[in-house]
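Asker: Sharing a structure with you now.
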Amino acid sequence: MAIHDEICRSIDRFKDRAIGLGRQIHAHPELKFEERFAAGLLTGAIGEIGVEVERGVAGLETAFRAEAGKSGPTVAILAEYDALPNGHSCGHNLICTAALAAFAGLAAVRGQLPGRVVILGTPAEEGGGGKIIMLEKGALEGVDVAMMAHPVDGEFATFPTLATRHLRLTFHGHASHAAAAPWAGASALAAVIQTFQSVDAARLHFRDGSRIHGIITNGGQAVNIIPEKAACEFLCRAHTSGYAREIADRVVRCAEAAAAATGTRLAHEVLGGYKNMINNLAMAHRYASHCETLGVKAPDAPPEMPTGSTDMGDVSHAFPAIHPIFRIADPGAGNCHEERFEKHTDTPRAYEAMIRVAKAMALTAYDLLADPALLESARHEFAARQES
Ligand SMILES: [Zn+2]
């Protein structure tokens with residue numbers, strides 16, 4: 001199709017700009033909700049292509065939104081740009097530049113788009129749930145379908161992710177001198193340790209694919225004082241939000257038992273959670289067919305593939321959505337979040353892959369606007385999954 005070629009040529013013309021931005025963002029990692037440098041660069045680049053940008057969307061300083069085209073079906077392309085304490089070890093510098101390049105390619109033909117394409121800058125994927133806040137505040141209203149792509153060491157059109165529930169458990173005990181009067185104290189740290197032991201005893205009984213992992217965030221105040229306060233956090237993950245909640249409830253019961261055994265008081269909070277990803281196969285397979293034309297095979301991910309969690313899961317429960325993953329390093333080169341993966345997210349190979357993915361996303365987005373049968377099958381599949 002001639003317009004497909006035109007979109008790809010526009011992305012090629014934007015390539016050096018996108019790679020330059022990816023390199024700058026990689027060199028300047030910012031934690032969740034603090035992505036001012038990245039959001040500034042990305043919104044500046046959108047302005048340069050002659051599209052107006054709305055900043056501070058949904059009350060989030062580093063969120064943004066821009067659109068091109070005309071009223072009609074609406075495709076959202078989502079950009080993440082937050083980093084981790086060890087830098088861009090999750091490659092979000094490639095996610096945002098792929099989204100931007102795809103948007104630039106479509107904006108270049110905006111007069112010929114039979115609908116609208118929206119780029120959404122979504123902060124704080126790493127634990128802040130920026131997309132959930134944006135969903136709740138209505139920033140995705142009017143969107144029909146949504147997409148984004150994430151770099152890893154493999155290439156798949158679908159990505160099964162786990163739902164999460166994030167718990168904070170705080171124990172309140174009684175302080176006393178640990179040598180002179182231990183009988184007068186009640187150790188909040190003992191309750192934390194006992195909680196971990198009970199959770200470890202319980203984890204055998206959780207369904208396959210479930211994950212529970214925790215850290216101690218407060219282990220006491222001084223070595224010679226019985227800890228008056230101690231706290232820990234657990235992330236409970238499962239294939240569905242319902243089962244993640246069941247696991248979290250069990251963790252809370254372990255903590256309640258530990259509080260009873262140690263004479264301490266428990267306070268627990270749910271700090272948030274992400275839904276599992278529902279991969280829309282109609283969209284994913286169209287994306288895969290464009291990948292193939294561009295020279296790369298992107299099959300469906302095997303269901304047993306090791307995986308994480310993302311707030312794109314919540315988006316996929318609201319609209320038909322895809323979250324393909326793309327290869328920027330050889331298999332086994334390290335996982336996202338590992339320090340050694342960070343260097344793979346700033347290589348010529350990674351940026352070539354990012355541009356190719358931008359094209360596959362842009363062509364898929366165009367098809368969703370131009371081919372009513374494709375959009376209808378994505379919607380139909382989504383509705384069927386919601387009912388089941
Ligand atoms: Zn990530």
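In the structure tokens, each chain is lettered A, B, ... as it comes, each chain's residues begin at 1, and ligands are numbered from 1 in order of appearance.
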What's around Asp367 (chain A) at 10 Å? Count only C-alpha atoms, leave out sequence neighbours fewer than 3 positions away in its own chain, and write the answer as a list in words.

Answerer: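 Here the answer would be His4, Leu113, Pro114, Met283, Arg286, Tyr287, Met361, Ala362, Leu363, Thr364, Ala370, Asp371, Pro372, Ala373, Leu374 and Leu375 of chain A.
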
Asker: How would the residues just chosen look if you wrote them out with all heavy atoms as a short mmCIF file (atom, residue, chain, number, x, y, z; two decimals), in the first residue's frame?

Answerer:
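And here is the file that came out, out02.cif:
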```
data_model
loop_
_atom_site.label_atom_id
_atom_site.label_comp_id
_atom_site.auth_asym_id
_atom_site.auth_seq_id
_atom_site.Cartn_x
_atom_site.Cartn_y
_atom_site.Cartn_z
N HIS A 4 1.36 3.01 3.33
CA HIS A 4 2.29 2.30 4.23
C HIS A 4 3.72 2.72 3.94
O HIS A 4 4.51 3.00 4.86
CB HIS A 4 2.15 0.79 4.05
CG HIS A 4 0.95 0.20 4.75
ND1 HIS A 4 0.54 -1.08 4.56
CD2 HIS A 4 0.10 0.73 5.65
CE1 HIS A 4 -0.53 -1.33 5.30
NE2 HIS A 4 -0.82 -0.25 5.97
N LEU A 113 -5.34 10.44 7.23
CA LEU A 113 -5.73 9.45 8.24
C LEU A 113 -7.25 9.40 8.35
O LEU A 113 -7.89 10.44 8.56
CB LEU A 113 -5.14 9.80 9.62
CG LEU A 113 -3.63 9.68 9.80
CD1 LEU A 113 -3.26 10.05 11.24
CD2 LEU A 113 -3.14 8.27 9.48
N PRO A 114 -7.84 8.19 8.25
CA PRO A 114 -9.30 8.11 8.40
C PRO A 114 -9.72 8.02 9.87
O PRO A 114 -10.65 7.29 10.22
CB PRO A 114 -9.63 6.81 7.63
CG PRO A 114 -8.37 6.02 7.60
CD PRO A 114 -7.21 6.92 7.89
N MET A 283 -5.14 -7.56 16.88
CA MET A 283 -4.14 -6.49 16.73
C MET A 283 -2.73 -7.07 16.69
O MET A 283 -1.90 -6.65 15.88
CB MET A 283 -4.25 -5.51 17.91
CG MET A 283 -5.53 -4.68 17.91
SD MET A 283 -5.75 -3.76 19.48
CE MET A 283 -4.38 -2.60 19.39
N ARG A 286 -1.84 -8.60 13.37
CA ARG A 286 -1.59 -7.61 12.32
C ARG A 286 -0.20 -6.99 12.52
O ARG A 286 0.56 -6.79 11.57
CB ARG A 286 -2.68 -6.53 12.32
CG ARG A 286 -2.49 -5.48 11.24
CD ARG A 286 -2.55 -6.09 9.84
NE ARG A 286 -3.84 -6.69 9.53
CZ ARG A 286 -4.81 -6.11 8.82
NH1 ARG A 286 -4.64 -4.90 8.35
NH2 ARG A 286 -5.94 -6.75 8.59
N TYR A 287 0.12 -6.71 13.78
CA TYR A 287 1.47 -6.19 14.10
C TYR A 287 2.53 -7.20 13.64
O TYR A 287 3.53 -6.82 13.01
CB TYR A 287 1.57 -5.95 15.61
CG TYR A 287 2.97 -5.65 16.11
CD1 TYR A 287 3.48 -4.36 16.11
CD2 TYR A 287 3.79 -6.68 16.58
CE1 TYR A 287 4.76 -4.09 16.55
CE2 TYR A 287 5.07 -6.43 17.03
CZ TYR A 287 5.56 -5.13 17.01
OH TYR A 287 6.85 -4.88 17.44
N MET A 361 4.34 -0.62 14.52
CA MET A 361 3.22 -0.06 15.30
C MET A 361 2.44 0.95 14.46
O MET A 361 1.20 0.96 14.48
CB MET A 361 3.74 0.63 16.57
CG MET A 361 4.11 -0.34 17.68
SD MET A 361 4.11 0.45 19.33
CE MET A 361 5.46 1.60 19.16
N ALA A 362 3.16 1.82 13.75
CA ALA A 362 2.48 2.85 12.95
C ALA A 362 1.60 2.21 11.88
O ALA A 362 0.46 2.64 11.66
CB ALA A 362 3.51 3.78 12.32
N LEU A 363 2.11 1.17 11.22
CA LEU A 363 1.33 0.52 10.16
C LEU A 363 0.11 -0.18 10.76
O LEU A 363 -0.99 -0.17 10.18
CB LEU A 363 2.21 -0.47 9.39
CG LEU A 363 3.41 0.16 8.66
CD1 LEU A 363 4.22 -0.91 7.93
CD2 LEU A 363 2.97 1.27 7.69
N THR A 364 0.29 -0.79 11.93
CA THR A 364 -0.83 -1.45 12.61
C THR A 364 -1.87 -0.40 13.00
O THR A 364 -3.08 -0.61 12.83
CB THR A 364 -0.33 -2.19 13.86
OG1 THR A 364 0.72 -3.08 13.47
CG2 THR A 364 -1.45 -2.99 14.52
N ALA A 370 -8.03 2.44 9.14
CA ALA A 370 -8.47 2.37 7.74
C ALA A 370 -9.26 1.10 7.42
O ALA A 370 -9.94 1.05 6.40
CB ALA A 370 -7.25 2.46 6.82
N ASP A 371 -9.15 0.10 8.25
CA ASP A 371 -9.77 -1.20 7.95
C ASP A 371 -10.83 -1.50 9.02
O ASP A 371 -10.51 -2.03 10.09
CB ASP A 371 -8.66 -2.27 7.94
CG ASP A 371 -9.20 -3.67 7.69
OD1 ASP A 371 -10.43 -3.83 7.62
OD2 ASP A 371 -8.37 -4.60 7.59
N PRO A 372 -12.08 -1.14 8.74
CA PRO A 372 -13.13 -1.32 9.75
C PRO A 372 -13.25 -2.78 10.21
O PRO A 372 -13.60 -3.04 11.37
CB PRO A 372 -14.41 -0.87 9.05
CG PRO A 372 -13.96 -0.04 7.89
CD PRO A 372 -12.61 -0.55 7.48
N ALA A 373 -12.95 -3.73 9.32
CA ALA A 373 -13.08 -5.14 9.71
C ALA A 373 -12.05 -5.50 10.79
O ALA A 373 -12.34 -6.27 11.72
CB ALA A 373 -12.91 -6.04 8.48
N LEU A 374 -10.85 -4.94 10.67
CA LEU A 374 -9.81 -5.22 11.68
C LEU A 374 -10.21 -4.62 13.03
O LEU A 374 -10.11 -5.30 14.07
CB LEU A 374 -8.47 -4.63 11.22
CG LEU A 374 -7.32 -4.77 12.23
CD1 LEU A 374 -6.98 -6.24 12.50
CD2 LEU A 374 -6.08 -4.02 11.74
N LEU A 375 -10.68 -3.38 12.99
CA LEU A 375 -11.08 -2.74 14.26
C LEU A 375 -12.24 -3.51 14.88
O LEU A 375 -12.26 -3.75 16.10
CB LEU A 375 -11.49 -1.28 13.99
CG LEU A 375 -11.89 -0.47 15.22
CD1 LEU A 375 -10.75 -0.38 16.23
CD2 LEU A 375 -12.33 0.94 14.82
#
```

Asker: Tell me, as number ranges by chain, which residues lie within 7 Å of Gly273 (chain A), counting only C-alpha atoms; anything in the same chain fewer than 2 positions away does not count.

Answerer: A: 164-166, 275

Asker: List all protein, DNA and RNA residues that have any atom at most 8 Å from ligand 1, counting only C-alpha atoms and all ligand atoms, and write the list as a PDB file with C-alpha atoms, in the first residue's frame.

Answerer:
```
ATOM      1  CA  GLU A  80       7.013   5.253  28.913  1.00  0.00           C
ATOM      2  CA  CYS A  90      14.268  -1.518  31.425  1.00  0.00           C
ATOM      3  CA  GLY A  91      14.835   0.323  28.147  1.00  0.00           C
ATOM      4  CA  HIS A  92      12.040   2.852  28.456  1.00  0.00           C
ATOM      5  CA  GLU A 125       5.422   2.510  34.914  1.00  0.00           C
ATOM      6  CA  GLU A 126       7.962   1.300  37.457  1.00  0.00           C
ATOM      7  CA  HIS A 150       8.864  -2.990  25.165  1.00  0.00           C
ATOM      8  CA  PRO A 151      12.503  -4.050  24.531  1.00  0.00           C
ATOM      9  CA  THR A 310       2.984  -3.615  33.822  1.00  0.00           C
ATOM     10  CA  CYS A 336      15.063  -6.076  32.221  1.00  0.00           C
ATOM     11  CA  HIS A 337      15.969  -4.327  35.496  1.00  0.00           C
TER      12      HIS A 337
END
```

Asker: Could you find all residues in region 62-241 of chain A that DSSP calls strand (DSSP E or B) from the backbone, and write them as a ChimeraX atom specification?

Answerer: /A:64-69,74-79,84,87,116-121,145-147,150-152,156,163-172,174,177,186,211-218,225,229-238

Asker: Which residues are near Ala63 (chain A)? Cut-off 6 Å, only C-alpha atoms, ignore same chain within fewer than 4 positions. Put them as a short mmCIF file (atom, residue, chain, number, x, y, z; two decimals) with all heavy atoms, in the first residue's frame.

Answerer:
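The resulting file, around_37.cif, is shown below:
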```cif
data_model
loop_
_atom_site.label_atom_id
_atom_site.label_comp_id
_atom_site.auth_asym_id
_atom_site.auth_seq_id
_atom_site.Cartn_x
_atom_site.Cartn_y
_atom_site.Cartn_z
N GLY A 56 1.16 18.00 31.50
CA GLY A 56 0.54 17.92 32.84
C GLY A 56 -0.81 17.23 32.82
O GLY A 56 -1.70 17.54 33.62
N VAL A 57 -0.98 16.27 31.92
CA VAL A 57 -2.26 15.57 31.76
C VAL A 57 -2.59 14.78 33.03
O VAL A 57 -1.70 14.23 33.69
CB VAL A 57 -2.17 14.63 30.53
CG1 VAL A 57 -3.35 13.69 30.45
CG2 VAL A 57 -2.06 15.46 29.26
N GLY A 121 1.99 10.30 26.81
CA GLY A 121 3.18 10.14 27.64
C GLY A 121 2.72 9.68 29.01
O GLY A 121 2.00 10.40 29.70
N THR A 122 3.11 8.47 29.39
CA THR A 122 2.59 7.85 30.61
C THR A 122 3.72 7.65 31.62
O THR A 122 4.54 6.75 31.46
CB THR A 122 1.90 6.50 30.29
OG1 THR A 122 2.87 5.57 29.78
CG2 THR A 122 0.81 6.67 29.25
N PRO A 123 3.78 8.46 32.65
CA PRO A 123 4.89 8.37 33.62
C PRO A 123 4.80 7.13 34.51
O PRO A 123 3.75 6.48 34.60
CB PRO A 123 4.69 9.62 34.49
CG PRO A 123 3.59 10.41 33.88
CD PRO A 123 2.83 9.50 32.99
#
```

Asker: Residues near Glu67 (chain A), anyone? I mean within 9 Å using only C-alpha atoms, not counting same-chain ones fewer than 2 positions away, as a list in words.

Answerer: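 Listing them by chain and then by number gives Val51, Glu52, Val53, Arg65, Gly69, Lys70, Ala76, Phe103, Ala107, Arg116, Val117, Val118, Ile119 and Leu120 of chain A.
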
Asker: Write out as a short mmCIF file (atom, residue, chain, number, x, y, z; two decimals) with N, CA, C and O atoms, in the first residue's frame each polymer residue whose atoms come within 7 Å of Lys131 (chain A), counting only C-alpha atoms; drop sequence neighbours fewer than 3 positions from it.

Answerer:
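Output file selection-v6.cif is given in full below:
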```
data_model
loop_
_atom_site.label_atom_id
_atom_site.label_comp_id
_atom_site.auth_asym_id
_atom_site.auth_seq_id
_atom_site.Cartn_x
_atom_site.Cartn_y
_atom_site.Cartn_z
N THR A 122 3.11 8.47 29.39
CA THR A 122 2.59 7.85 30.61
C THR A 122 3.72 7.65 31.62
O THR A 122 4.54 6.75 31.46
N MET A 134 -4.03 7.86 34.89
CA MET A 134 -4.54 8.52 33.68
C MET A 134 -5.88 7.91 33.25
O MET A 134 -6.77 8.63 32.80
N LEU A 135 -6.01 6.59 33.42
CA LEU A 135 -7.30 5.94 33.12
C LEU A 135 -8.38 6.49 34.06
O LEU A 135 -9.48 6.85 33.62
N ASP A 311 1.59 -1.66 34.10
CA ASP A 311 0.30 -0.97 34.17
C ASP A 311 -0.39 -0.92 32.80
O ASP A 311 -1.53 -0.49 32.70
N MET A 312 0.31 -1.39 31.74
CA MET A 312 -0.38 -1.55 30.45
C MET A 312 -1.46 -2.64 30.60
O MET A 312 -2.42 -2.66 29.83
#
```

Asker: With distances taken over only C-alpha atoms, which of A:Gly154, A:Gly308, A:Gly128, A:Gly263 is nearest to Gly173 (chain A)?

Answerer: A:Gly263
